[in-house]
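J.: Sending over upload32.csv (CSV, C-alpha atoms and all ligand atoms).
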```
chain,number,residue,atom,x,y,z
A,28,MET,CA,0.0,0.0,0.0
A,29,GLY,CA,1.7,3.2,-1.2
A,30,GLU,CA,1.1,6.9,-0.3
A,31,SER,CA,-0.4,7.5,-3.7
A,32,GLN,CA,-3.6,5.9,-2.4
A,33,VAL,CA,-4.1,8.4,0.3
A,34,LYS,CA,-7.2,10.0,-1.2
A,35,ARG,CA,-9.9,7.5,-0.5
A,36,PRO,CA,-13.7,7.7,-0.4
A,37,GLY,CA,-15.3,9.6,2.4
A,38,ALA,CA,-12.2,11.7,3.3
A,39,GLU,CA,-13.8,15.0,2.3
A,40,GLY,CA,-16.3,17.0,4.2
A,41,ARG,CA,-16.3,14.7,7.3
A,42,GLU,CA,-17.2,16.5,10.5
A,43,ASP,CA,-14.4,15.8,13.0
A,44,PRO,CA,-15.9,13.9,16.0
A,45,VAL,CA,-13.5,15.8,18.2
A,46,ASP,CA,-15.3,19.0,17.1
A,47,GLY,CA,-18.7,17.8,18.3
A,48,GLY,CA,-19.9,15.5,15.4
A,49,PRO,CA,-20.9,11.9,16.2
A,50,LEU,CA,-18.1,9.3,16.4
A,51,ARG,CA,-18.9,6.7,13.7
A,52,VAL,CA,-18.0,3.1,14.8
A,53,ALA,CA,-18.3,0.1,12.5
A,54,VAL,CA,-18.0,-3.4,13.9
A,55,LEU,CA,-17.1,-5.8,11.0
A,56,GLY,CA,-18.2,-9.3,12.0
A,57,ALA,CA,-20.9,-9.0,14.6
A,58,GLY,CA,-20.5,-12.5,16.2
A,59,GLN,CA,-20.3,-13.2,19.9
A,60,LEU,CA,-17.9,-10.4,20.9
A,61,GLY,CA,-19.0,-8.0,18.2
A,62,ARG,CA,-22.6,-8.2,19.4
A,63,ALA,CA,-21.6,-7.7,23.0
A,64,LEU,CA,-19.6,-4.6,22.0
A,65,LEU,CA,-22.5,-3.2,20.2
A,66,THR,CA,-24.9,-3.8,23.1
A,67,GLY,CA,-22.5,-2.1,25.5
A,68,LEU,CA,-22.0,0.9,23.3
A,69,THR,CA,-25.7,1.2,22.6
A,70,GLY,CA,-26.4,1.5,26.3
A,71,SER,CA,-23.4,3.7,27.2
A,72,ASN,CA,-23.8,7.2,28.6
A,73,GLY,CA,-21.4,10.1,28.5
A,74,GLY,CA,-18.4,10.3,26.1
A,75,PRO,CA,-18.9,11.3,22.5
A,76,ARG,CA,-22.2,10.8,20.6
A,77,ILE,CA,-21.8,7.5,18.7
A,78,GLU,CA,-23.3,6.2,15.5
A,79,LEU,CA,-23.0,2.4,15.2
A,80,ALA,CA,-23.0,0.1,12.2
A,81,ALA,CA,-22.2,-3.6,11.9
A,82,SER,CA,-21.6,-6.2,9.2
A,83,THR,CA,-22.4,-9.9,9.2
A,84,ARG,CA,-22.3,-12.6,6.6
A,85,GLN,CA,-26.0,-13.4,6.8
A,86,PRO,CA,-28.8,-10.9,7.3
A,87,CYS,CA,-29.3,-10.4,11.1
A,88,ASP,CA,-31.1,-7.7,13.1
A,89,GLN,CA,-28.6,-5.8,15.2
A,90,GLY,CA,-31.2,-4.2,17.4
A,91,PRO,CA,-32.1,-0.6,17.9
A,92,GLY,CA,-29.5,2.0,17.3
A,93,VAL,CA,-27.3,-0.1,15.1
A,94,ARG,CA,-27.3,0.0,11.3
A,95,GLY,CA,-26.8,-3.7,10.3
A,96,ILE,CA,-25.7,-4.7,6.8
A,97,SER,CA,-24.9,-8.2,5.6
A,98,LEU,CA,-22.5,-9.4,2.9
A,99,GLU,CA,-25.4,-11.5,1.5
A,100,GLU,CA,-27.3,-8.2,0.8
A,101,ASP,CA,-24.2,-6.2,-0.2
A,102,PRO,CA,-21.0,-8.1,-0.9
A,103,ARG,CA,-19.1,-4.8,-0.4
A,104,ALA,CA,-20.7,-4.1,3.0
A,105,ASN,CA,-17.3,-4.1,4.7
A,106,ASN,CA,-15.8,-1.7,2.2
A,107,HIS,CA,-18.7,0.7,2.6
A,108,LEU,CA,-18.6,0.7,6.4
A,109,ALA,CA,-14.8,1.1,6.3
A,110,SER,CA,-15.1,4.2,4.2
A,111,TRP,CA,-17.9,5.6,6.6
A,112,ALA,CA,-16.4,5.0,10.0
A,113,ASP,CA,-14.0,6.9,12.3
A,114,ILE,CA,-13.2,3.6,14.1
A,115,VAL,CA,-13.4,0.3,12.3
A,116,VAL,CA,-13.4,-2.7,14.7
A,117,LEU,CA,-12.5,-6.0,13.2
A,118,ALA,CA,-14.4,-8.6,15.2
A,119,VAL,CA,-13.9,-11.6,12.9
A,120,LYS,CA,-12.0,-14.9,13.8
A,121,PRO,CA,-8.2,-14.6,13.9
A,122,THR,CA,-7.8,-16.5,10.6
A,123,GLN,CA,-10.3,-14.1,8.9
A,124,THR,CA,-8.6,-10.9,10.2
A,125,MET,CA,-5.7,-10.3,7.7
A,126,PRO,CA,-7.9,-11.2,4.6
A,127,LEU,CA,-10.4,-8.6,5.9
A,128,VAL,CA,-7.8,-5.9,6.5
A,129,GLU,CA,-6.4,-6.5,3.0
A,130,ASP,CA,-10.0,-6.3,1.6
A,131,ILE,CA,-10.8,-2.9,3.2
A,132,ALA,CA,-7.3,-1.3,3.1
A,133,ASP,CA,-8.1,0.9,0.1
A,134,ASP,CA,-11.5,2.1,1.6
A,135,VAL,CA,-10.5,3.1,5.1
A,136,ARG,CA,-10.6,6.9,5.5
A,137,PRO,CA,-7.4,8.9,6.3
A,138,GLY,CA,-7.2,9.7,10.0
A,139,SER,CA,-9.5,6.8,11.0
A,140,ALA,CA,-8.4,4.0,13.3
A,141,VAL,CA,-8.6,0.2,12.6
A,142,VAL,CA,-8.9,-1.9,15.8
A,143,THR,CA,-8.3,-5.6,15.7
A,144,LEU,CA,-9.6,-7.9,18.5
A,145,ALA,CA,-8.1,-11.1,17.1
A,146,ILE,CA,-5.9,-13.3,19.3
A,147,GLY,CA,-2.6,-14.0,17.6
A,148,VAL,CA,-2.6,-11.2,15.1
A,149,THR,CA,-0.2,-8.3,16.0
A,150,ALA,CA,-0.9,-4.6,15.7
A,151,SER,CA,2.2,-4.3,13.5
A,152,ALA,CA,0.8,-6.9,11.0
A,153,ILE,CA,-2.4,-4.9,10.8
A,154,GLN,CA,-0.5,-1.6,10.5
A,155,SER,CA,1.7,-2.9,7.7
A,156,ALA,CA,-1.3,-3.8,5.6
A,157,LEU,CA,-3.0,-0.3,6.0
A,158,PRO,CA,-2.1,3.1,4.5
A,159,PRO,CA,0.3,5.2,6.7
A,160,ASP,CA,-2.5,7.7,7.6
A,161,VAL,CA,-4.6,5.1,9.3
A,162,ASP,CA,-3.9,4.2,12.9
A,163,ALA,CA,-3.8,0.5,13.8
A,164,VAL,CA,-4.6,-0.5,17.4
A,165,ARG,CA,-5.0,-3.9,18.9
A,166,ALA,CA,-7.6,-4.3,21.6
A,167,MET,CA,-8.3,-7.3,23.8
A,168,PRO,CA,-11.6,-6.9,25.6
A,169,ASN,CA,-13.7,-9.6,27.3
A,170,LEU,CA,-17.3,-10.4,26.9
A,171,ALA,CA,-18.2,-8.1,29.8
A,172,VAL,CA,-18.2,-5.2,27.3
A,173,GLU,CA,-21.9,-6.1,27.0
A,174,MET,CA,-22.4,-5.0,30.7
A,175,ARG,CA,-19.8,-2.1,30.4
A,176,ARG,CA,-17.8,-4.0,33.1
A,177,ALA,CA,-15.0,-5.2,30.8
A,178,VAL,CA,-11.3,-4.9,31.1
A,179,THR,CA,-9.6,-4.2,27.7
A,180,GLY,CA,-5.9,-4.5,26.9
A,181,LEU,CA,-4.8,-2.0,24.3
A,182,SER,CA,-1.7,-1.9,22.2
A,183,PRO,CA,-1.1,0.6,19.4
A,184,GLY,CA,0.6,-0.3,16.2
A,185,PRO,CA,4.1,1.1,15.7
A,186,GLY,CA,3.0,4.0,13.5
A,187,ALA,CA,-0.3,4.9,15.3
A,188,ARG,CA,-0.7,8.6,16.3
A,189,GLU,CA,-1.7,9.8,19.7
A,190,GLU,CA,-5.1,11.2,18.4
A,191,GLY,CA,-6.2,7.8,17.0
A,192,ILE,CA,-5.0,5.9,20.1
A,193,ARG,CA,-6.9,8.4,22.3
A,194,ARG,CA,-10.2,7.9,20.5
A,195,VAL,CA,-9.8,4.1,20.7
A,196,ARG,CA,-8.9,4.3,24.4
A,197,GLU,CA,-11.9,6.5,25.1
A,198,LEU,CA,-14.2,4.2,23.2
A,199,PHE,CA,-13.2,1.1,25.2
A,200,GLY,CA,-13.2,3.3,28.4
A,201,LEU,CA,-17.0,3.6,27.9
A,202,LEU,CA,-17.1,-0.2,28.4
A,203,GLY,CA,-14.9,-0.7,31.5
A,204,ALA,CA,-11.3,-0.5,32.5
A,205,VAL,CA,-8.5,-0.1,29.9
A,206,VAL,CA,-4.9,-1.3,30.4
A,207,GLU,CA,-2.2,-0.5,27.9
A,208,VAL,CA,0.5,-3.1,27.3
A,209,PRO,CA,3.2,-3.8,24.6
A,210,ASP,CA,1.9,-5.8,21.7
A,211,GLU,CA,3.9,-8.9,22.6
A,212,ARG,CA,2.1,-9.0,26.0
A,213,LEU,CA,-1.4,-8.8,24.6
A,214,ASP,CA,-1.8,-12.5,23.9
A,215,VAL,CA,-0.7,-13.2,27.5
A,216,LEU,CA,-3.2,-10.6,28.8
A,217,SER,CA,-5.9,-12.2,26.6
A,218,MET,CA,-5.4,-15.5,28.5
A,219,VAL,CA,-5.9,-13.7,31.9
A,220,SER,CA,-8.8,-11.3,31.2
A,221,GLY,CA,-9.9,-12.0,27.7
A,222,ALA,CA,-10.7,-15.6,28.5
A,223,GLY,CA,-11.3,-14.6,32.2
A,224,PRO,CA,-15.1,-14.9,32.1
A,225,ALA,CA,-14.7,-18.6,31.1
A,226,TYR,CA,-12.5,-19.2,34.2
A,227,VAL,CA,-15.0,-17.5,36.5
A,228,CYS,CA,-17.9,-19.6,35.0
A,229,PHE,CA,-15.8,-22.7,35.5
A,230,LEU,CA,-15.2,-21.8,39.2
A,231,ILE,CA,-19.0,-21.1,39.6
A,232,GLU,CA,-19.8,-24.5,38.1
A,233,GLU,CA,-17.3,-26.2,40.5
A,234,PHE,CA,-18.7,-24.4,43.6
A,235,THR,CA,-22.2,-25.3,42.5
A,236,ALA,CA,-21.3,-29.0,42.1
A,237,ALA,CA,-19.8,-28.9,45.6
A,238,ALA,CA,-23.0,-27.3,47.0
A,239,ARG,CA,-25.0,-30.1,45.4
A,240,CYS,CA,-22.6,-32.7,47.0
A,241,LEU,CA,-23.5,-31.0,50.4
A,242,GLY,CA,-27.1,-31.9,49.8
A,243,PHE,CA,-28.6,-28.8,48.1
A,244,GLU,CA,-31.0,-29.2,45.2
A,245,ASP,CA,-29.7,-27.9,41.9
A,246,GLU,CA,-31.7,-24.6,41.8
A,247,THR,CA,-30.8,-23.8,45.4
A,248,ALA,CA,-27.2,-24.6,44.8
A,249,ARG,CA,-27.1,-22.3,41.8
A,250,THR,CA,-28.8,-19.4,43.8
A,251,LEU,CA,-26.4,-19.8,46.7
A,252,VAL,CA,-23.3,-19.7,44.5
A,253,ASP,CA,-24.4,-17.2,41.8
A,254,GLU,CA,-25.5,-14.7,44.4
A,255,THR,CA,-22.4,-15.2,46.5
A,256,PHE,CA,-20.2,-14.3,43.4
A,257,HIS,CA,-22.4,-11.2,42.6
A,258,GLY,CA,-22.4,-10.1,46.2
A,259,THR,CA,-18.6,-10.5,46.6
A,260,MET,CA,-18.0,-8.5,43.5
A,261,ALA,CA,-20.3,-5.8,44.8
A,262,LEU,CA,-18.3,-5.7,48.1
A,263,LEU,CA,-15.1,-5.4,46.1
A,264,ASP,CA,-16.5,-2.2,44.5
A,265,ALA,CA,-16.0,-0.4,47.7
A,266,PRO,CA,-13.0,2.0,47.5
A,267,GLY,CA,-9.8,0.8,49.0
A,268,ARG,CA,-11.1,-2.8,49.5
A,269,THR,CA,-9.1,-5.6,47.8
A,270,ALA,CA,-9.7,-9.4,47.6
A,271,SER,CA,-6.8,-9.8,50.0
A,272,SER,CA,-8.2,-7.4,52.6
A,273,LEU,CA,-11.7,-8.8,52.4
A,274,LEU,CA,-10.4,-12.3,52.7
A,275,SER,CA,-8.6,-11.5,56.0
A,276,GLU,CA,-11.8,-9.8,57.3
A,277,ILE,CA,-13.9,-12.9,56.6
A,278,ALA,CA,-11.6,-15.7,57.3
A,279,SER,CA,-10.8,-14.6,60.9
A,280,GLU,CA,-8.4,-16.6,63.0
A,281,GLY,CA,-9.9,-19.9,64.3
A,282,SER,CA,-13.1,-19.6,62.2
A,283,ALA,CA,-14.7,-22.3,60.1
A,284,THR,CA,-14.1,-20.2,57.0
A,285,GLU,CA,-10.4,-20.0,57.9
A,286,ARG,CA,-10.3,-23.8,57.9
A,287,ALA,CA,-12.0,-23.9,54.5
A,288,ILE,CA,-9.5,-21.4,53.0
A,289,ALA,CA,-6.5,-23.3,54.5
A,290,THR,CA,-7.8,-26.5,52.8
A,291,LEU,CA,-8.1,-24.7,49.5
A,292,ALA,CA,-4.6,-23.2,49.9
A,293,GLN,CA,-3.2,-26.7,50.4
A,294,SER,CA,-4.8,-27.9,47.2
A,295,THR,CA,-3.1,-27.4,43.9
A,296,ILE,CA,-5.6,-24.7,42.8
A,297,ALA,CA,-3.0,-21.9,42.5
A,298,GLU,CA,-0.5,-24.1,40.6
A,299,HIS,CA,-3.3,-25.3,38.3
A,300,THR,CA,-4.7,-21.8,37.6
A,301,GLU,CA,-1.2,-20.7,36.4
A,302,GLN,CA,-0.8,-23.9,34.4
A,303,ALA,CA,-4.2,-23.4,32.8
A,304,MET,CA,-3.2,-19.8,31.8
A,305,GLN,CA,0.1,-21.0,30.4
A,306,ALA,CA,-1.6,-23.7,28.4
A,307,ALA,CA,-3.9,-21.0,26.9
A,308,VAL,CA,-1.0,-18.8,26.1
A,309,SER,CA,0.8,-21.7,24.3
A,310,ARG,CA,-2.4,-22.3,22.3
A,311,ALA,CA,-2.6,-18.6,21.4
A,312,THR,CA,1.0,-18.6,20.3
A,313,GLU,CA,0.4,-21.7,18.1
A,314,LEU,CA,-2.7,-20.0,16.6
A,315,GLY,CA,-0.7,-16.8,15.9
A,316,ALA,CA,2.2,-18.7,14.3
A,317,SER,CA,-0.1,-20.6,12.0
A,318,ILE,CA,-1.9,-17.4,11.0
A,319,SER,CA,1.4,-15.7,10.1
A,320,ARG,CA,2.4,-18.8,8.1
A,321,GLY,CA,-1.0,-18.5,6.3
A,322,ARG,CA,-2.1,-22.0,7.3
A,323,PRO,CA,-5.2,-23.1,9.2
A,324,PRO,CA,-4.4,-23.8,12.8
A,325,ALA,CA,-4.2,-27.5,13.9
A,326,ARG,CA,-6.9,-28.3,16.5
A,401,LIG,N1,-15.4,-14.2,22.3
A,401,LIG,C1,-14.5,-13.7,23.2
A,401,LIG,O1,-14.7,-13.7,24.4
A,401,LIG,C2,-13.2,-13.0,22.7
A,401,LIG,C3,-12.4,-12.3,23.7
A,401,LIG,C4,-11.2,-11.7,23.2
A,401,LIG,C5,-11.0,-11.6,21.8
A,401,LIG,N2,-11.8,-12.3,20.9
A,401,LIG,C6,-11.5,-12.2,19.5
A,401,LIG,O2,-12.6,-11.5,18.9
A,401,LIG,C7,-12.8,-12.0,17.6
A,401,LIG,C8,-14.2,-12.5,17.4
A,401,LIG,O3,-14.5,-13.5,18.3
A,401,LIG,P1,-16.0,-14.1,18.4
A,401,LIG,O4,-15.9,-15.1,19.6
A,401,LIG,O5,-17.0,-13.0,18.5
A,401,LIG,O6,-16.1,-14.9,17.1
A,401,LIG,P2,-17.5,-15.3,16.3
A,401,LIG,O7,-18.6,-15.4,17.2
A,401,LIG,O8,-17.2,-16.4,15.3
A,401,LIG,O9,-17.8,-13.9,15.4
A,401,LIG,C9,-17.2,-13.7,14.2
A,401,LIG,C10,-18.3,-13.2,13.3
A,401,LIG,O10,-17.7,-12.6,12.1
A,401,LIG,C11,-18.5,-13.1,11.0
A,401,LIG,N3,-17.7,-12.9,9.8
A,401,LIG,C12,-16.7,-13.7,9.3
A,401,LIG,N4,-16.2,-13.1,8.2
A,401,LIG,C13,-16.8,-12.0,8.0
A,401,LIG,C14,-16.7,-10.9,7.0
A,401,LIG,N5,-15.8,-11.0,6.0
A,401,LIG,N6,-17.5,-9.9,7.1
A,401,LIG,C15,-18.4,-9.8,8.1
A,401,LIG,N7,-18.6,-10.7,9.1
A,401,LIG,C16,-17.8,-11.8,9.0
A,401,LIG,C17,-18.9,-14.5,11.3
A,401,LIG,O11,-19.9,-14.9,10.5
A,401,LIG,P3,-20.1,-16.5,10.2
A,401,LIG,O12,-20.4,-17.1,11.6
A,401,LIG,O13,-21.2,-16.6,9.3
A,401,LIG,O14,-18.7,-17.0,9.7
A,401,LIG,C18,-19.2,-14.4,12.8
A,401,LIG,O15,-20.5,-13.9,13.0
A,401,LIG,C19,-11.8,-13.2,17.4
A,401,LIG,O16,-10.7,-12.7,16.6
A,401,LIG,C20,-11.3,-13.5,18.8
A,401,LIG,O17,-10.0,-13.9,18.8
A,401,LIG,C21,-12.9,-12.9,21.4
```
Could you render the structure as structure tokens?

T.:
Amino acid sequence: MGESQVKRPGAEGREDPVDGGPLRVAVLGAGQLGRALLTGLTGSNGGPRIELAASTRQPCDQGPGVRGISLEEDPRANNHLASWADIVVLAVKPTQTMPLVEDIADDVRPGSAVVTLAIGVTASAIQSALPPDVDAVRAMPNLAVEMRRAVTGLSPGPGAREEGIRRVRELFGLLGAVVEVPDERLDVLSMVSGAGPAYVCFLIEEFTAAARCLGFEDETARTLVDETFHGTMALLDAPGRTASSLLSEIASEGSATERAIATLAQSTIAEHTEQAMQAAVSRATELGASISRGRPPAR
């Protein structure tokens, strides 16, 4: 992609969102994470006024406030949205990401930002496939974007300008906490927080199974455990309180809770949690390597 292609559709007459116009956000590939992002952004308050659009392969209603367009209806849907948006979010599978960037590279407007969510695809790979006046940023949110309680890791491409990074940071800031890390740390971060909701659900399932073993019926066991998780997270919202400080408050010396925690601490749960994350990081590295070799990942 050379600089001769700088003049692309939609570059002229666009009101700058920084000067009060709406920020146009296009989500290409509204699957599980893309839909969650759209739901979170639709319900967000504060920040810039946002116009949302999304593409899918098959026609699919994206709900109120989102302009949905499918490749079945318009095979150039992604190109049109890329030339319309200030921020283009690529929410397709990792193997589909580079082909999509190459497809839209000539359409993306100068001064806009392209954000990839894919595990294993670096910000520099995206940046190198885009014109120099487009800012590439990699973001690694989790599914809690839907509830605006996510944590998103961010890593700008090597040539990304501060203005583009700031807009992307603010966008994900509407959906929860944002943590900036170097590109090479983002796959590791994705296996802590990106996949994090899966670990929490696994723990909830284990606790519920234990409650059933203690004689509670299924529905009661679920209520006991689900509400305990909700309530604990609400307690941790209090300023200055941490999991460690709350734990010492609850598991006081000589208490029954202290004995339960001591039993858990003697188990291999800590070691296995780290091993589980390391296994996930190895898998992400394998996926990334096969994507950069242009081969489908082995299962
Ligand atoms: N899910 C998570 O919790 C999570 C967390 C962090 C990062 N990520 C990353 O986020 C990305 C999306 O993950 P996901 O779980 O949302 O995957 P997903 O549910 O499979 O969503 C991808 C969507 O993109 C559509 N699609 C494929 N090619 C397209 C194209 N050219 N134009 C428009 N739409 C297209 C797919 O349609 P078809 O189904 O018809 O192919 C599908 O609906 C991945 O790169 C993943 O690594 C996900």

J.: Select the residues contacting ligand LIG 401 (chain A) at a distance of at most 6 Å, based on all atoms listed in the file, then format the selection as a PyMOL selection string.

T.: chain A and resi 55-61+82-84+118-121+127+144-146+167-170+221

J.: So the first atom is atom CA of Ala109 of chain A and the second is atom CA of Leu65 of chain A; what is the distance between them in Å, to one decimal place?

T.: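 According to the coordinates, atom CA of Ala109 of chain A and atom CA of Leu65 of chain A are separated by 16.5 Å.
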
J.: Using only C-alpha atoms, which of A:Asp214, A:Glu285, A:Glu173, A:Asp160 sits nearest Arg188 of chain A?

T.: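 When distances to Arg188 of chain A are compared using only C-alpha atoms, the smallest one comes from A:Asp160.
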
J.: Just checking: using all atoms listed in the file, which residue out of A:Ala325, A:Ala311, A:Cys87, A:Leu201 ends up closest to Thr149 of chain A?

T.: A:Ala311

J.: Using only C-alpha atoms, find the one residue out of A:Gln305, A:His107, A:Leu202, A:Pro224 that sits nearest to Asn72 of chain A.

T.: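 Closest to Asn72 of chain A of all the choices is A:Leu202.
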
J.: Kindly indicate which residue among A:Cys240, A:Ala171, A:Ile296, A:Ile192 lies nearest to Val141 of chain A, using all atoms listed in the file for the distances.

T.: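 That would be A:Ile192, the residue with the smallest distance to Val141 of chain A.
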
J.: Env of Ala156 of chain A: 8 Å cut, atoms = only C-alpha atoms, seq-sep filter 4 positions within chain, self excluded. Answer as a list in words.

T.: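 My list of contacting residues is Met28, Val128, Glu129, Ala132 and Ala152 of chain A.
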
J.: For a quick check of understanding, using all atoms listed in the file, which of A:Val252, A:Ala81, A:Val215, A:Ala177 has the smallest distance to Asn106 of chain A?

T.: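 When distances to Asn106 of chain A are compared using all atoms listed in the file, the smallest one comes from A:Ala81.
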
J.: Between atom CA of Leu98 of chain A and atom CA of Asp130 of chain A, what is the distance in Å, rounded to a tenth?

T.: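 Interatomic distance here is 12.9 Å.
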
J.: To one decimal place, how far is atom CA of Val148 of chain A from atom CA of Ile318 of chain A in Å?

T.: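 Atom CA of Val148 of chain A sits 7.5 Å away from atom CA of Ile318 of chain A.
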
J.: What's the 12 Å shell around Gly147 of chain A, counting all atoms listed in the file, without same-chain residues fewer than 6 positions away, as a PyMOL selection string?

T.: chain A and resi 120-125+153+165-167+210-218+307-320+324

J.: Within 12 Å of (-28.5, 1.0, 18.6), in the coordinates the file gives, what residues turn up when you count all atoms listed in the file, written out as a list in words?

T.: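 Output: Val52, Ala53, Arg62, Ala63, Leu64, Leu65, Thr66, Gly67, Leu68, Thr69, Gly70, Ser71, Arg76, Ile77, Glu78, Leu79, Ala80, Ala81, Asp88, Gln89, Gly90, Pro91, Gly92, Val93, Arg94 and Gly95 of chain A.
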
J.: For a quick check of understanding, using all atoms listed in the file, which of A:Thr284, A:Ser97, A:Ser151, A:Thr300 has the smallest distance to Phe229 of chain A?

T.: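 Of the candidates, the smallest distance to Phe229 of chain A is held by A:Thr300.
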
J.: Got a minute to add all heavy atoms to segment 83-90 of chain A and dump it as a PDB file, keeping the file's coordinate frame?

T.:
```
ATOM      1  N   THR A  83     -22.364  -8.419   8.948  1.00  0.00           N
ATOM      2  CA  THR A  83     -22.400  -9.900   9.200  1.00  0.00           C
ATOM      3  C   THR A  83     -22.366 -10.558   7.873  1.00  0.00           C
ATOM      4  O   THR A  83     -22.499  -9.897   6.844  1.00  0.00           O
ATOM      5  CB  THR A  83     -23.720 -10.253   9.932  1.00  0.00           C
ATOM      6  OG1 THR A  83     -24.804  -9.643   9.240  1.00  0.00           O
ATOM      7  CG2 THR A  83     -23.742  -9.833  11.384  1.00  0.00           C
ATOM      8  N   ARG A  84     -22.217 -11.860   7.900  1.00  0.00           N
ATOM      9  CA  ARG A  84     -22.300 -12.600   6.600  1.00  0.00           C
ATOM     10  C   ARG A  84     -23.736 -12.712   6.181  1.00  0.00           C
ATOM     11  O   ARG A  84     -24.107 -12.348   5.100  1.00  0.00           O
ATOM     12  CB  ARG A  84     -21.600 -13.896   6.729  1.00  0.00           C
ATOM     13  CG  ARG A  84     -20.093 -13.735   6.698  1.00  0.00           C
ATOM     14  CD  ARG A  84     -19.475 -14.829   5.906  1.00  0.00           C
ATOM     15  NE  ARG A  84     -18.948 -15.839   6.788  1.00  0.00           N
ATOM     16  CZ  ARG A  84     -17.745 -16.381   6.630  1.00  0.00           C
ATOM     17  NH1 ARG A  84     -16.970 -15.973   5.643  1.00  0.00           N
ATOM     18  NH2 ARG A  84     -17.321 -17.309   7.434  1.00  0.00           N
ATOM     19  N   GLN A  85     -24.559 -13.267   7.089  1.00  0.00           N
ATOM     20  CA  GLN A  85     -26.000 -13.400   6.800  1.00  0.00           C
ATOM     21  C   GLN A  85     -26.774 -12.266   7.376  1.00  0.00           C
ATOM     22  O   GLN A  85     -26.323 -11.685   8.380  1.00  0.00           O
ATOM     23  CB  GLN A  85     -26.528 -14.725   7.436  1.00  0.00           C
ATOM     24  CG  GLN A  85     -26.383 -15.958   6.572  1.00  0.00           C
ATOM     25  CD  GLN A  85     -25.044 -16.614   6.813  1.00  0.00           C
ATOM     26  OE1 GLN A  85     -24.624 -16.738   7.946  1.00  0.00           O
ATOM     27  NE2 GLN A  85     -24.380 -17.015   5.747  1.00  0.00           N
ATOM     28  N   PRO A  86     -27.945 -11.933   6.780  1.00  0.00           N
ATOM     29  CA  PRO A  86     -28.800 -10.900   7.300  1.00  0.00           C
ATOM     30  C   PRO A  86     -29.107 -11.173   8.802  1.00  0.00           C
ATOM     31  O   PRO A  86     -29.409 -12.314   9.145  1.00  0.00           O
ATOM     32  CB  PRO A  86     -30.031 -10.859   6.482  1.00  0.00           C
ATOM     33  CG  PRO A  86     -29.640 -11.567   5.230  1.00  0.00           C
ATOM     34  CD  PRO A  86     -28.554 -12.523   5.593  1.00  0.00           C
ATOM     35  N   CYS A  87     -29.032 -10.153   9.651  1.00  0.00           N
ATOM     36  CA  CYS A  87     -29.300 -10.400  11.100  1.00  0.00           C
ATOM     37  C   CYS A  87     -29.605  -9.022  11.711  1.00  0.00           C
ATOM     38  O   CYS A  87     -28.894  -8.040  11.474  1.00  0.00           O
ATOM     39  CB  CYS A  87     -27.963 -10.931  11.655  1.00  0.00           C
ATOM     40  SG  CYS A  87     -27.880 -10.974  13.424  1.00  0.00           S
ATOM     41  N   ASP A  88     -30.717  -8.981  12.465  1.00  0.00           N
ATOM     42  CA  ASP A  88     -31.100  -7.700  13.100  1.00  0.00           C
ATOM     43  C   ASP A  88     -30.158  -7.382  14.229  1.00  0.00           C
ATOM     44  O   ASP A  88     -29.984  -8.176  15.146  1.00  0.00           O
ATOM     45  CB  ASP A  88     -32.569  -7.900  13.626  1.00  0.00           C
ATOM     46  CG  ASP A  88     -33.073  -6.608  14.251  1.00  0.00           C
ATOM     47  OD1 ASP A  88     -32.409  -5.557  14.066  1.00  0.00           O
ATOM     48  OD2 ASP A  88     -34.114  -6.658  14.936  1.00  0.00           O
ATOM     49  N   GLN A  89     -29.555  -6.225  14.176  1.00  0.00           N
ATOM     50  CA  GLN A  89     -28.600  -5.800  15.200  1.00  0.00           C
ATOM     51  C   GLN A  89     -29.230  -5.058  16.350  1.00  0.00           C
ATOM     52  O   GLN A  89     -28.532  -4.583  17.232  1.00  0.00           O
ATOM     53  CB  GLN A  89     -27.465  -4.977  14.578  1.00  0.00           C
ATOM     54  CG  GLN A  89     -26.647  -5.694  13.531  1.00  0.00           C
ATOM     55  CD  GLN A  89     -25.951  -6.928  14.090  1.00  0.00           C
ATOM     56  OE1 GLN A  89     -25.645  -7.008  15.259  1.00  0.00           O
ATOM     57  NE2 GLN A  89     -25.737  -7.909  13.230  1.00  0.00           N
ATOM     58  N   GLY A  90     -30.554  -4.917  16.293  1.00  0.00           N
ATOM     59  CA  GLY A  90     -31.200  -4.200  17.400  1.00  0.00           C
ATOM     60  C   GLY A  90     -31.251  -2.725  17.171  1.00  0.00           C
ATOM     61  O   GLY A  90     -30.631  -2.211  16.236  1.00  0.00           O
TER      62      GLY A  90
END
```
